[in-house]
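final.cif follows (mmCIF, C-alpha atoms):
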data_upload
loop_
_atom_site.label_atom_id
_atom_site.label_comp_id
_atom_site.auth_asym_id
_atom_site.auth_seq_id
_atom_site.Cartn_x
_atom_site.Cartn_y
_atom_site.Cartn_z
CA MET A 1 174.25 99.48 61.56
CA VAL A 2 172.74 102.86 62.25
CA ASN A 3 171.24 103.20 65.66
CA ASN A 4 168.54 105.80 65.75
CA HIS A 5 168.65 105.97 69.52
CA HIS A 6 166.80 108.78 71.13
CA ASP A 7 168.05 109.73 74.54
CA THR A 8 165.35 108.52 76.85
CA GLY A 9 166.91 109.41 80.16
CA TYR A 10 166.58 105.71 81.02
CA LYS A 11 170.29 105.34 81.40
CA GLU A 12 170.10 107.78 84.26
CA LEU A 13 167.15 105.94 85.85
CA PHE A 14 169.16 102.74 85.83
CA SER A 15 172.12 104.39 87.47
CA TYR A 16 170.05 104.13 90.69
CA PRO A 17 169.92 100.71 92.37
CA GLU A 18 166.20 101.01 93.20
CA PHE A 19 165.30 101.09 89.52
CA VAL A 20 167.46 98.09 88.71
CA GLN A 21 165.72 96.26 91.55
CA GLN A 22 162.28 97.34 90.26
CA LEU A 23 163.14 96.10 86.78
CA ILE A 24 164.20 92.67 88.01
CA GLU A 25 161.49 92.29 90.68
CA GLY A 26 158.65 93.63 88.55
CA PHE A 27 159.51 92.35 85.09
CA ALA A 28 162.03 89.47 85.22
CA PRO A 29 161.18 85.84 86.09
CA ALA A 30 160.17 85.66 89.75
CA GLU A 31 162.41 82.66 90.50
CA ILE A 32 165.46 84.68 89.47
CA ALA A 33 164.43 87.81 91.39
CA GLN A 34 163.82 85.79 94.56
CA LEU A 35 167.41 84.55 94.65
CA MET A 36 168.88 88.05 94.53
CA ASP A 37 169.97 90.08 97.51
CA PHE A 38 169.36 93.58 96.17
CA SER A 39 171.16 95.22 99.09
CA THR A 40 174.38 93.99 97.42
CA LEU A 41 173.79 95.78 94.08
CA LYS A 42 177.01 97.40 92.82
CA SER A 43 177.30 99.44 89.66
CA HIS A 44 180.03 98.57 87.14
CA SER A 45 178.76 100.62 84.22
CA GLY A 46 181.42 101.77 81.85
CA ASN A 47 184.15 99.63 83.44
CA TYR A 48 184.11 96.53 81.36
CA ILE A 49 182.22 96.67 78.14
CA THR A 50 184.14 97.94 75.15
CA PRO A 51 182.35 96.53 72.14
CA LEU A 52 184.05 96.49 68.78
CA PHE A 53 180.89 97.76 67.12
CA GLU A 54 180.98 101.35 65.98
CA GLU A 55 177.79 102.12 67.78
CA LYS A 56 176.75 103.99 70.84
CA ILE A 57 175.10 101.47 73.09
CA GLU A 58 173.09 102.44 76.08
CA ASP A 59 173.80 99.84 78.69
CA VAL A 60 174.30 99.46 82.40
CA VAL A 61 176.18 96.75 84.25
CA TRP A 62 175.50 95.85 87.88
CA SER A 63 176.57 92.96 90.06
CA VAL A 64 174.34 91.41 92.69
CA ASN A 65 174.69 88.50 95.08
CA VAL A 66 172.58 85.46 94.35
CA ASN A 67 172.00 83.03 97.19
CA TRP A 68 172.13 79.57 95.75
CA GLN A 69 172.31 76.30 97.67
CA GLY A 70 173.45 78.02 100.83
CA MET A 71 176.15 80.02 99.07
CA ALA A 72 176.26 83.60 97.88
CA GLN A 73 177.71 84.09 94.44
CA GLU A 74 178.08 87.23 92.38
CA VAL A 75 176.06 87.52 89.18
CA TYR A 76 176.47 90.31 86.68
CA LEU A 77 173.31 91.95 85.38
CA TYR A 78 173.88 93.27 81.91
CA ILE A 79 170.99 95.56 80.95
CA LEU A 80 170.91 96.74 77.38
CA LEU A 81 168.57 99.68 76.73
CA GLU A 82 167.33 99.15 73.21
CA PHE A 83 165.45 102.26 72.20
CA GLN A 84 165.43 102.18 68.44
CA SER A 85 162.15 102.57 66.69
CA SER A 86 162.60 99.26 64.91
CA VAL A 87 163.55 95.78 66.04
CA ASP A 88 167.21 94.85 65.71
CA ARG A 89 167.24 91.27 64.51
CA THR A 90 170.98 90.92 65.10
CA MET A 91 170.48 91.24 68.86
CA PRO A 92 171.62 87.68 69.75
CA VAL A 93 174.88 88.23 67.86
CA ARG A 94 175.42 91.61 69.49
CA LEU A 95 174.75 90.20 72.95
CA MET A 96 177.13 87.33 72.48
CA HIS A 97 179.69 89.85 71.39
CA TYR A 98 179.15 92.01 74.48
CA ALA A 99 179.37 89.00 76.77
CA ALA A 100 182.66 87.97 75.17
CA CYS A 101 184.05 91.52 75.49
CA PHE A 102 182.90 91.64 79.07
CA TYR A 103 184.65 88.38 80.01
CA SER A 104 187.85 89.38 78.16
CA GLU A 105 187.88 92.66 80.03
CA LEU A 106 187.41 90.96 83.43
CA LEU A 107 190.37 88.71 82.65
CA LYS A 108 192.48 91.53 81.25
CA GLN A 109 191.91 93.71 84.31
CA LYS A 110 192.61 90.65 86.48
CA VAL A 111 189.28 90.96 88.26
CA ILE A 112 189.21 87.19 87.86
CA THR A 113 191.70 84.57 86.74
CA PRO A 114 190.85 81.80 84.27
CA GLY A 115 191.41 79.32 87.11
CA GLN A 116 188.63 80.91 89.17
CA GLY A 117 186.20 80.59 86.30
CA LEU A 118 183.86 83.22 84.89
CA PRO A 119 180.99 84.80 86.81
CA PRO A 120 177.47 84.11 85.56
CA VAL A 121 175.65 86.89 83.68
CA PHE A 122 171.96 87.69 83.33
CA PRO A 123 171.49 89.69 80.11
CA VAL A 124 168.30 91.76 79.93
CA VAL A 125 167.17 93.69 76.87
CA LEU A 126 164.76 96.50 77.66
CA TYR A 127 162.93 97.63 74.53
CA ASN A 128 160.39 100.40 74.06
CA GLY A 129 159.85 100.66 70.30
CA SER A 130 156.35 100.80 68.83
CA GLU A 131 156.46 97.51 66.91
CA ARG A 132 156.51 94.32 68.96
CA TRP A 133 159.89 92.63 69.38
CA SER A 134 160.37 89.83 66.87
CA ALA A 135 164.09 89.02 66.98
CA SER A 136 165.26 85.59 68.17
CA LEU A 137 165.85 85.36 71.90
CA ASP A 138 168.72 82.89 71.50
CA LEU A 139 171.62 82.91 69.07
CA TYR A 140 171.08 79.19 68.45
CA GLU A 141 167.67 79.97 66.91
CA MET A 142 169.41 82.07 64.25
CA ILE A 143 171.57 79.20 63.02
CA SER A 144 169.90 77.91 59.90
CA PRO A 145 169.37 75.27 58.73
CA GLU A 146 169.51 73.54 62.10
CA PRO A 147 172.62 71.36 62.11
CA PRO A 148 172.25 67.57 62.38
CA GLY A 149 172.61 65.57 65.61
CA LEU A 150 176.18 65.64 66.77
CA LEU A 151 176.95 69.04 65.25
CA GLN A 152 174.36 70.73 67.45
CA VAL A 153 176.51 70.70 70.57
CA TYR A 154 179.18 72.69 68.75
CA GLN A 155 176.90 75.65 68.05
CA PRO A 156 177.08 78.79 70.18
CA ARG A 157 174.20 79.53 72.52
CA MET A 158 173.44 82.87 74.07
CA ARG A 159 170.04 83.74 75.43
CA TYR A 160 168.78 87.05 76.77
CA TYR A 161 165.71 88.00 78.74
CA LEU A 162 163.44 90.47 76.94
CA VAL A 163 161.37 93.21 78.57
CA ASP A 164 159.24 94.62 75.76
CA GLU A 165 157.44 97.58 77.35
CA GLY A 166 154.69 97.78 74.74
CA ARG A 167 153.62 94.21 75.47
CA TYR A 168 152.27 94.99 78.91
CA THR A 169 148.62 95.94 79.18
CA ASP A 170 147.55 98.72 81.55
CA GLU A 171 146.11 96.00 83.82
CA GLN A 172 149.45 94.17 83.96
CA LEU A 173 151.31 97.40 84.72
CA GLY A 174 148.70 98.21 87.36
CA LEU A 175 149.60 95.02 89.23
CA VAL A 176 153.21 96.19 89.60
CA GLN A 177 153.10 99.17 91.93
CA SER A 178 156.60 100.54 91.39
CA PRO A 179 157.89 103.86 90.06
CA LEU A 180 159.39 102.01 87.07
CA SER A 181 156.02 100.49 86.24
CA GLY A 182 154.67 104.05 86.39
CA VAL A 183 157.39 105.16 83.97
CA PHE A 184 156.43 102.37 81.55
CA GLY A 185 152.81 103.54 81.83
CA ILE A 186 153.79 107.09 80.88
CA GLU A 187 155.88 105.86 77.94
CA LYS A 188 152.94 103.77 76.74
CA ALA A 189 150.43 106.60 77.04
CA SER A 190 152.60 109.19 75.34
CA THR A 191 150.50 109.46 72.19
CA ASN A 192 147.25 109.86 74.06
CA ARG A 193 146.97 113.04 76.12
CA GLN A 194 144.18 111.83 78.37
CA GLY A 195 146.00 108.56 79.00
CA LEU A 196 149.14 110.57 79.73
CA GLN A 197 147.38 112.54 82.46
CA GLN A 198 146.07 109.31 84.03
CA ALA A 199 149.55 107.77 83.87
CA VAL A 200 151.02 110.85 85.56
CA ASP A 201 148.36 110.65 88.31
CA ARG A 202 149.20 106.98 88.81
CA ILE A 203 152.94 107.60 89.16
CA VAL A 204 152.32 110.46 91.61
CA ALA A 205 150.28 108.08 93.79
CA ILE A 206 153.08 105.50 93.62
CA ILE A 207 155.72 108.08 94.58
CA GLN A 208 153.62 109.34 97.48
CA ALA A 209 153.44 105.83 98.91
CA ASP A 210 157.22 105.31 98.59
CA PRO A 211 159.23 105.36 101.83
CA HIS A 212 161.97 107.35 100.03
CA LYS A 213 159.46 109.72 98.53
CA GLU A 214 161.73 112.79 98.10
CA ARG A 215 164.51 110.91 96.36
CA ILE A 216 162.19 109.04 93.97
CA ASP A 217 160.22 112.21 93.27
CA LYS A 218 163.43 114.01 92.25
CA ILE A 219 164.59 111.19 89.97
CA ILE A 220 161.20 110.72 88.26
CA THR A 221 160.62 114.47 87.86
CA ARG A 222 163.97 114.80 86.08
CA TRP A 223 163.10 111.88 83.84
CA LEU A 224 159.62 113.19 83.06
CA LYS A 225 160.91 116.63 82.08
CA ARG A 226 163.23 115.02 79.53
CA HIS A 227 160.45 112.75 78.34
CA LEU A 228 158.02 115.64 77.74
CA GLN A 229 160.74 117.60 75.93
CA ARG A 230 161.28 114.61 73.65
CA LEU A 231 157.57 114.47 72.91
CA GLY A 232 157.80 118.11 71.89
CA ALA A 233 155.37 119.13 74.60
CA GLU A 234 154.37 122.76 74.63
CA VAL A 235 154.71 122.68 78.39
CA ASP A 236 156.58 125.10 80.59
CA LEU A 237 158.89 122.75 82.45
CA ASN A 238 161.11 125.24 84.25
CA GLN A 239 158.67 125.49 87.12
CA LEU A 240 158.40 121.72 87.47
CA ASN A 241 160.58 120.74 90.43
CA SER A 242 158.49 118.07 92.07
CA LEU A 243 155.86 115.89 90.47
CA VAL A 244 154.14 115.47 93.79
CA GLU A 245 153.96 119.17 94.67
CA ASP A 246 153.48 120.53 91.15
CA LYS A 247 151.08 117.91 89.83
CA ASP A 248 148.20 120.41 89.40
CA MET A 249 150.41 122.77 87.44
CA LEU A 250 151.54 119.88 85.26
CA ALA A 251 147.95 118.73 84.71
CA GLU A 252 146.98 122.23 83.59
CA ASN A 253 149.98 122.36 81.25
CA LEU A 254 149.10 118.99 79.72
CA GLU A 255 145.49 120.09 79.25
CA ASN A 256 146.56 123.29 77.44
CA TRP A 257 148.90 121.28 75.27
CA ALA A 258 146.10 118.84 74.41
CA GLN A 259 143.82 121.76 73.47
CA GLN A 260 146.50 123.29 71.28
CA GLU A 261 146.93 119.99 69.47
CA ARG A 262 143.19 119.63 69.01
CA GLN A 263 142.94 123.11 67.50
CA GLU A 264 145.86 122.44 65.16
CA GLY A 265 144.22 119.16 64.14
CA GLU A 266 140.92 120.91 63.39
CA LYS A 267 142.67 123.63 61.39
CA LEU A 268 144.45 120.98 59.31
CA GLY A 269 141.14 119.21 58.79
CA ILE A 270 139.49 122.40 57.47
CA GLU A 271 142.42 123.14 55.17
CA LYS A 272 142.30 119.63 53.81
CA GLY A 273 138.54 119.89 53.19
CA GLU A 274 138.91 123.19 51.34
CA LYS A 275 141.67 121.76 49.17
CA LEU A 276 139.48 118.78 48.21
CA GLY A 277 136.66 121.15 47.27
CA ILE A 278 138.92 123.22 45.02
CA GLU A 279 140.28 120.12 43.31
CA LYS A 280 136.74 118.91 42.64
CA THR A 281 135.90 122.23 40.94
CA ALA A 282 139.06 122.00 38.80
CA ARG A 283 138.13 118.43 37.77
CA ASN A 284 134.68 119.60 36.67
CA LEU A 285 136.19 122.46 34.64
CA LEU A 286 138.61 120.00 32.99
CA LYS A 287 135.70 117.73 32.08
CA LEU A 288 133.90 120.65 30.38
CA GLY A 289 137.00 121.07 28.22
CA VAL A 290 136.41 124.76 27.55
CA LEU A 291 139.20 126.40 29.57
CA SER A 292 142.93 125.92 29.19
CA ASP A 293 145.00 124.56 32.13
CA GLU A 294 146.34 128.08 32.71
CA GLN A 295 142.83 129.54 32.95
CA ILE A 296 141.71 126.80 35.35
CA ALA A 297 144.79 127.42 37.52
CA GLU A 298 143.95 131.13 37.51
CA ALA A 299 140.30 130.50 38.43
CA THR A 300 140.91 128.01 41.24
CA GLY A 301 144.17 129.30 42.70
CA LEU A 302 145.82 125.90 42.15
CA ALA A 303 149.37 125.75 40.78
CA LEU A 304 149.61 124.96 37.08
CA ASP A 305 151.38 121.64 37.67
CA GLU A 306 148.58 120.60 40.05
CA VAL A 307 146.04 121.21 37.29
CA VAL A 308 148.16 119.24 34.80
CA GLU A 309 148.38 116.42 37.35
CA LEU A 310 144.56 116.38 37.69
CA ARG A 311 144.19 116.32 33.89
CA ILE A 312 146.51 113.28 33.64
CA GLU A 313 144.59 111.56 36.46
CA GLY A 314 141.32 112.20 34.63
CA LYS A 315 142.68 110.47 31.53
CA ARG A 316 143.74 107.30 33.40
#
Is it possible to give me this structure as structure tokens?
Amino acid sequence: MVNNHHDTGYKELFSYPEFVQQLIEGFAPAEIAQLMDFSTLKSHSGNYITPLFEEKIEDVVWSVNVNWQGMAQEVYLYILLEFQSSVDRTMPVRLMHYAACFYSELLKQKVITPGQGLPPVFPVVLYNGSERWSASLDLYEMISPEPPGLLQVYQPRMRYYLVDEGRYTDEQLGLVQSPLSGVFGIEKASTNRQGLQQAVDRIVAIIQADPHKERIDKIITRWLKRHLQRLGAEVDLNQLNSLVEDKDMLAENLENWAQQERQEGEKLGIEKGEKLGIEKTARNLLKLGVLSDEQIAEATGLALDEVVELRIEGKR
């Protein structure tokens, strides 16, 4: 399986506990988030998961205490960052595989013994591709045809929780006032320059209201610089050190970039129009049937094979 992952800088975002907390609190089921004591978040990324697949997976692993029936127990959050442009329908199989690798590794490193039992996991897939996610959310759903009665209990089950960024409307994102929600907004608006500027303004307002403003500003600014580079923005990013302090400079840069794109678009439009006009002339000359293809090519400036192509089209 070829993974056309583009480096989104998300992995770095989720190396900070605040962003893991914002993901769970803002986008996971509320009843799960409420049980978690986020002050106990511990990162385990890179320690345990060694999948057999020959693929580079972007993932982060954290543990967090869940308070359940008067007891605190440790749950592992396994967050898979799925940033391919298309939906991977094998996801349930991959996740089951990761979970199995993860448990084997915990046992191998003697973090736990079989007698103690395995810790619970909460697998989250974060996806930001342009098409909506359509893969099964549980491995059991992939088993086909569905086995009869008694056989059902012998089938593997593995479910994951999906956060499909593109599914959230601007209104829904607006209800979640967190830097991560602001990041989702910027990702969503990336193709629309005006929307991008609004999304940047929104995230600046969110950062300004954050009690750890400097830290969050630094993290988001780093992420945004990488994001704009990925978009191929003609923006001078060297000067951008703080979104909050340099937001006017950034706005000006985005506006210039938008203008440049508009001009390029117009130029392409004119070129296309001229080309259509020339082709029309060549078609008329072909219809008259007086000139040879070579002469028509000479007269219109089209390549000879383009004229031949138009002649064949005219015959169809």
Identify, on the basis of only C-alpha atoms, every residue whose closest approach to A:Ile203 does not exceed 9 Å; exclude the query and any residue fewer than 6 positions from it along the same chain; express the result as a short mmCIF file (atom, residue, chain, number, x, y, z; two decimals) with C-alpha atoms, in the coordinates of the input.
data_model
loop_
_atom_site.label_atom_id
_atom_site.label_comp_id
_atom_site.auth_asym_id
_atom_site.auth_seq_id
_atom_site.Cartn_x
_atom_site.Cartn_y
_atom_site.Cartn_z
CA GLN A 177 153.10 99.17 91.93
CA SER A 178 156.60 100.54 91.39
CA PRO A 179 157.89 103.86 90.06
CA LEU A 180 159.39 102.01 87.07
CA SER A 181 156.02 100.49 86.24
CA GLY A 182 154.67 104.05 86.39
CA VAL A 183 157.39 105.16 83.97
CA GLY A 185 152.81 103.54 81.83
CA ILE A 186 153.79 107.09 80.88
CA ILE A 220 161.20 110.72 88.26
CA LEU A 243 155.86 115.89 90.47
#
### Task
Pick out the closest residue to A:Gly195 from this set: A:Leu254, A:Gly117, A:Lys225, A:Arg157. Count all atoms listed in the file.
A:Leu254
### Query
Just so the selection is clear, what residues does the PyMOL selection byres ((chain A and resi 81) around 10) cover here, as number ranges by chain?
A: 5, 8, 10-11, 14, 57-60, 78-80, 82-84, 124-128, 163
### Task
With a distance cut-off of 12 Å and all atoms listed in the file, select the neighbouring residues of stretch 99-105 of chain A, excluding the residue or stretch itself and same-chain residues fewer than 5 positions from it, and output the selection as number ranges by chain.
A: 44-53, 61, 76-80, 92-94, 110-114, 117-124, 156-160
### Message
Which residues are close to A:Ala251, i.e. within 12 Å by only C-alpha atoms, leaving aside same-chain residues fewer than 3 positions away? Reply as a VMD selection string.
### Response
chain A and resid 193 to 201 204 235 to 237 240 243 to 248 254 to 258
### Message
For this structure, which residues satisfy the selection - the PyMOL selection byres ((chain A and resi 310) around 12) - when it is evaluated on the file as given? I want them as a PyMOL selection string.
### Response
chain A and resi 276+278-287+293+296-297+302-309+311-316
Using all atoms of stretch 18-35 of chain A listed in the file and a margin of 3 Å per side, can you give the axis-aligned box centre and edge lengths in Å to one decimal, as AutoDock Vina command-line options?
--center_x 163.1 --center_y 91.9 --center_z 89.9 --size_x 14.8 --size_y 24.4 --size_z 15.6
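Checking A:Glu18, A:Asp37, A:Glu141, A:Asp164 one by one against A:Val87, counting all atoms listed in the file, you find the shortest gap at A:Asp164.
Distance annotation: of A:Ser15, A:Gln263, A:Asn67, A:Ser144, the residue with the minimal separation from A:Ala33 is A:Asn67; atom set is all atoms listed in the file.
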Slice of the block: stretch 151-162 of chain A, all heavy atoms, as a JSON list (two decimals), in the first residue's frame:
[["chain", "number", "residue", "atom", "x", "y", "z"],
["A", 151, "LEU", "N", -21.50, -18.63, 14.90],
["A", 151, "LEU", "CA", -20.18, -18.27, 14.38],
["A", 151, "LEU", "C", -19.83, -16.81, 14.65],
["A", 151, "LEU", "O", -18.67, -16.43, 14.66],
["A", 151, "LEU", "CB", -20.15, -18.49, 12.86],
["A", 151, "LEU", "CG", -19.51, -19.77, 12.35],
["A", 151, "LEU", "CD1", -19.58, -19.82, 10.84],
["A", 151, "LEU", "CD2", -18.05, -19.87, 12.81],
["A", 152, "GLN", "N", -20.85, -15.98, 14.86],
["A", 152, "GLN", "CA", -20.60, -14.54, 15.01],
["A", 152, "GLN", "C", -19.67, -14.22, 16.16],
["A", 152, "GLN", "O", -18.83, -13.34, 16.06],
["A", 152, "GLN", "CB", -21.92, -13.79, 15.16],
["A", 152, "GLN", "CG", -22.74, -13.81, 13.89],
["A", 152, "GLN", "CD", -24.04, -13.02, 14.01],
["A", 152, "GLN", "OE1", -24.30, -12.38, 15.03],
["A", 152, "GLN", "NE2", -24.85, -13.07, 12.97],
["A", 153, "VAL", "N", -19.83, -14.95, 17.26],
["A", 153, "VAL", "CA", -19.01, -14.60, 18.43],
["A", 153, "VAL", "C", -17.52, -14.92, 18.21],
["A", 153, "VAL", "O", -16.68, -14.47, 18.97],
["A", 153, "VAL", "CB", -19.48, -15.33, 19.72],
["A", 153, "VAL", "CG1", -20.89, -14.89, 20.08],
["A", 153, "VAL", "CG2", -19.38, -16.84, 19.56],
["A", 154, "TYR", "N", -17.22, -15.67, 17.17],
["A", 154, "TYR", "CA", -15.82, -16.02, 16.93],
["A", 154, "TYR", "C", -15.13, -15.04, 15.98],
["A", 154, "TYR", "O", -13.99, -15.25, 15.61],
["A", 154, "TYR", "CB", -15.71, -17.46, 16.39],
["A", 154, "TYR", "CG", -16.22, -18.46, 17.40],
["A", 154, "TYR", "CD1", -17.47, -19.04, 17.26],
["A", 154, "TYR", "CD2", -15.45, -18.77, 18.52],
["A", 154, "TYR", "CE1", -17.96, -19.92, 18.22],
["A", 154, "TYR", "CE2", -15.92, -19.65, 19.48],
["A", 154, "TYR", "CZ", -17.18, -20.22, 19.33],
["A", 154, "TYR", "OH", -17.65, -21.07, 20.28],
["A", 155, "GLN", "N", -15.85, -14.02, 15.57],
["A", 155, "GLN", "CA", -15.25, -13.05, 14.63],
["A", 155, "GLN", "C", -14.54, -11.94, 15.41],
["A", 155, "GLN", "O", -14.98, -11.54, 16.48],
["A", 155, "GLN", "CB", -16.33, -12.42, 13.75],
["A", 155, "GLN", "CG", -17.19, -13.42, 13.00],
["A", 155, "GLN", "CD", -16.36, -14.51, 12.34],
["A", 155, "GLN", "OE1", -15.42, -14.22, 11.61],
["A", 155, "GLN", "NE2", -16.70, -15.76, 12.62],
["A", 156, "PRO", "N", -13.43, -11.45, 14.86],
["A", 156, "PRO", "CA", -12.73, -10.35, 15.53],
["A", 156, "PRO", "C", -13.54, -9.05, 15.46],
["A", 156, "PRO", "O", -14.27, -8.81, 14.50],
["A", 156, "PRO", "CB", -11.44, -10.20, 14.73],
["A", 156, "PRO", "CG", -11.71, -10.81, 13.40],
["A", 156, "PRO", "CD", -12.76, -11.85, 13.61],
["A", 157, "ARG", "N", -13.42, -8.26, 16.52],
["A", 157, "ARG", "CA", -14.04, -6.94, 16.51],
["A", 157, "ARG", "C", -13.00, -5.92, 16.91],
["A", 157, "ARG", "O", -12.24, -6.14, 17.85],
["A", 157, "ARG", "CB", -15.19, -6.88, 17.53],
["A", 157, "ARG", "CG", -16.45, -7.53, 17.01],
["A", 157, "ARG", "CD", -17.56, -7.50, 18.05],
["A", 157, "ARG", "NE", -18.83, -7.85, 17.43],
["A", 157, "ARG", "CZ", -19.19, -9.09, 17.11],
["A", 157, "ARG", "NH1", -18.35, -10.10, 17.32],
["A", 157, "ARG", "NH2", -20.36, -9.34, 16.54],
["A", 158, "MET", "N", -12.96, -4.82, 16.18],
["A", 158, "MET", "CA", -12.05, -3.75, 16.55],
["A", 158, "MET", "C", -12.66, -2.48, 15.99],
["A", 158, "MET", "O", -12.85, -2.35, 14.79],
["A", 158, "MET", "CB", -10.68, -3.99, 15.90],
["A", 158, "MET", "CG", -9.68, -2.88, 16.10],
["A", 158, "MET", "SD", -8.76, -3.11, 17.64],
["A", 158, "MET", "CE", -8.23, -1.44, 17.96],
["A", 159, "ARG", "N", -13.00, -1.57, 16.88],
["A", 159, "ARG", "CA", -13.67, -0.35, 16.45],
["A", 159, "ARG", "C", -12.75, 0.83, 16.73],
["A", 159, "ARG", "O", -12.00, 0.81, 17.69],
["A", 159, "ARG", "CB", -14.98, -0.21, 17.23],
["A", 159, "ARG", "CG", -15.90, 0.85, 16.69],
["A", 159, "ARG", "CD", -17.30, 0.78, 17.29],
["A", 159, "ARG", "NE", -18.18, 1.65, 16.51],
["A", 159, "ARG", "CZ", -18.77, 1.30, 15.39],
["A", 159, "ARG", "NH1", -18.62, 0.08, 14.92],
["A", 159, "ARG", "NH2", -19.53, 2.16, 14.74],
["A", 160, "TYR", "N", -12.83, 1.84, 15.89],
["A", 160, "TYR", "CA", -12.05, 3.06, 16.16],
["A", 160, "TYR", "C", -12.98, 4.26, 16.09],
["A", 160, "TYR", "O", -14.06, 4.19, 15.49],
["A", 160, "TYR", "CB", -10.90, 3.22, 15.15],
["A", 160, "TYR", "CG", -11.33, 3.28, 13.71],
["A", 160, "TYR", "CD1", -11.61, 4.49, 13.08],
["A", 160, "TYR", "CD2", -11.45, 2.11, 12.95],
["A", 160, "TYR", "CE1", -12.01, 4.55, 11.75],
["A", 160, "TYR", "CE2", -11.85, 2.17, 11.61],
["A", 160, "TYR", "CZ", -12.13, 3.38, 11.02],
["A", 160, "TYR", "OH", -12.53, 3.44, 9.72],
["A", 161, "TYR", "N", -12.56, 5.34, 16.72],
["A", 161, "TYR", "CA", -13.35, 6.56, 16.69],
["A", 161, "TYR", "C", -12.78, 7.47, 15.61],
["A", 161, "TYR", "O", -11.58, 7.72, 15.58],
["A", 161, "TYR", "CB", -13.33, 7.26, 18.05],
["A", 161, "TYR", "CG", -14.21, 8.48, 18.06],
["A", 161, "TYR", "CD1", -15.59, 8.35, 18.16],
["A", 161, "TYR", "CD2", -13.67, 9.75, 17.90],
["A", 161, "TYR", "CE1", -16.41, 9.46, 18.10],
["A", 161, "TYR", "CE2", -14.49, 10.87, 17.86],
["A", 161, "TYR", "CZ", -15.85, 10.71, 17.96],
["A", 161, "TYR", "OH", -16.67, 11.82, 17.90],
["A", 162, "LEU", "N", -13.65, 7.96, 14.71],
["A", 162, "LEU", "CA", -13.19, 8.74, 13.57],
["A", 162, "LEU", "C", -13.41, 10.23, 13.80],
["A", 162, "LEU", "O", -14.50, 10.65, 14.18],
["A", 162, "LEU", "CB", -13.97, 8.31, 12.33],
["A", 162, "LEU", "CG", -13.74, 9.18, 11.08],
["A", 162, "LEU", "CD1", -12.35, 8.94, 10.50],
["A", 162, "LEU", "CD2", -14.82, 8.90, 10.03]]
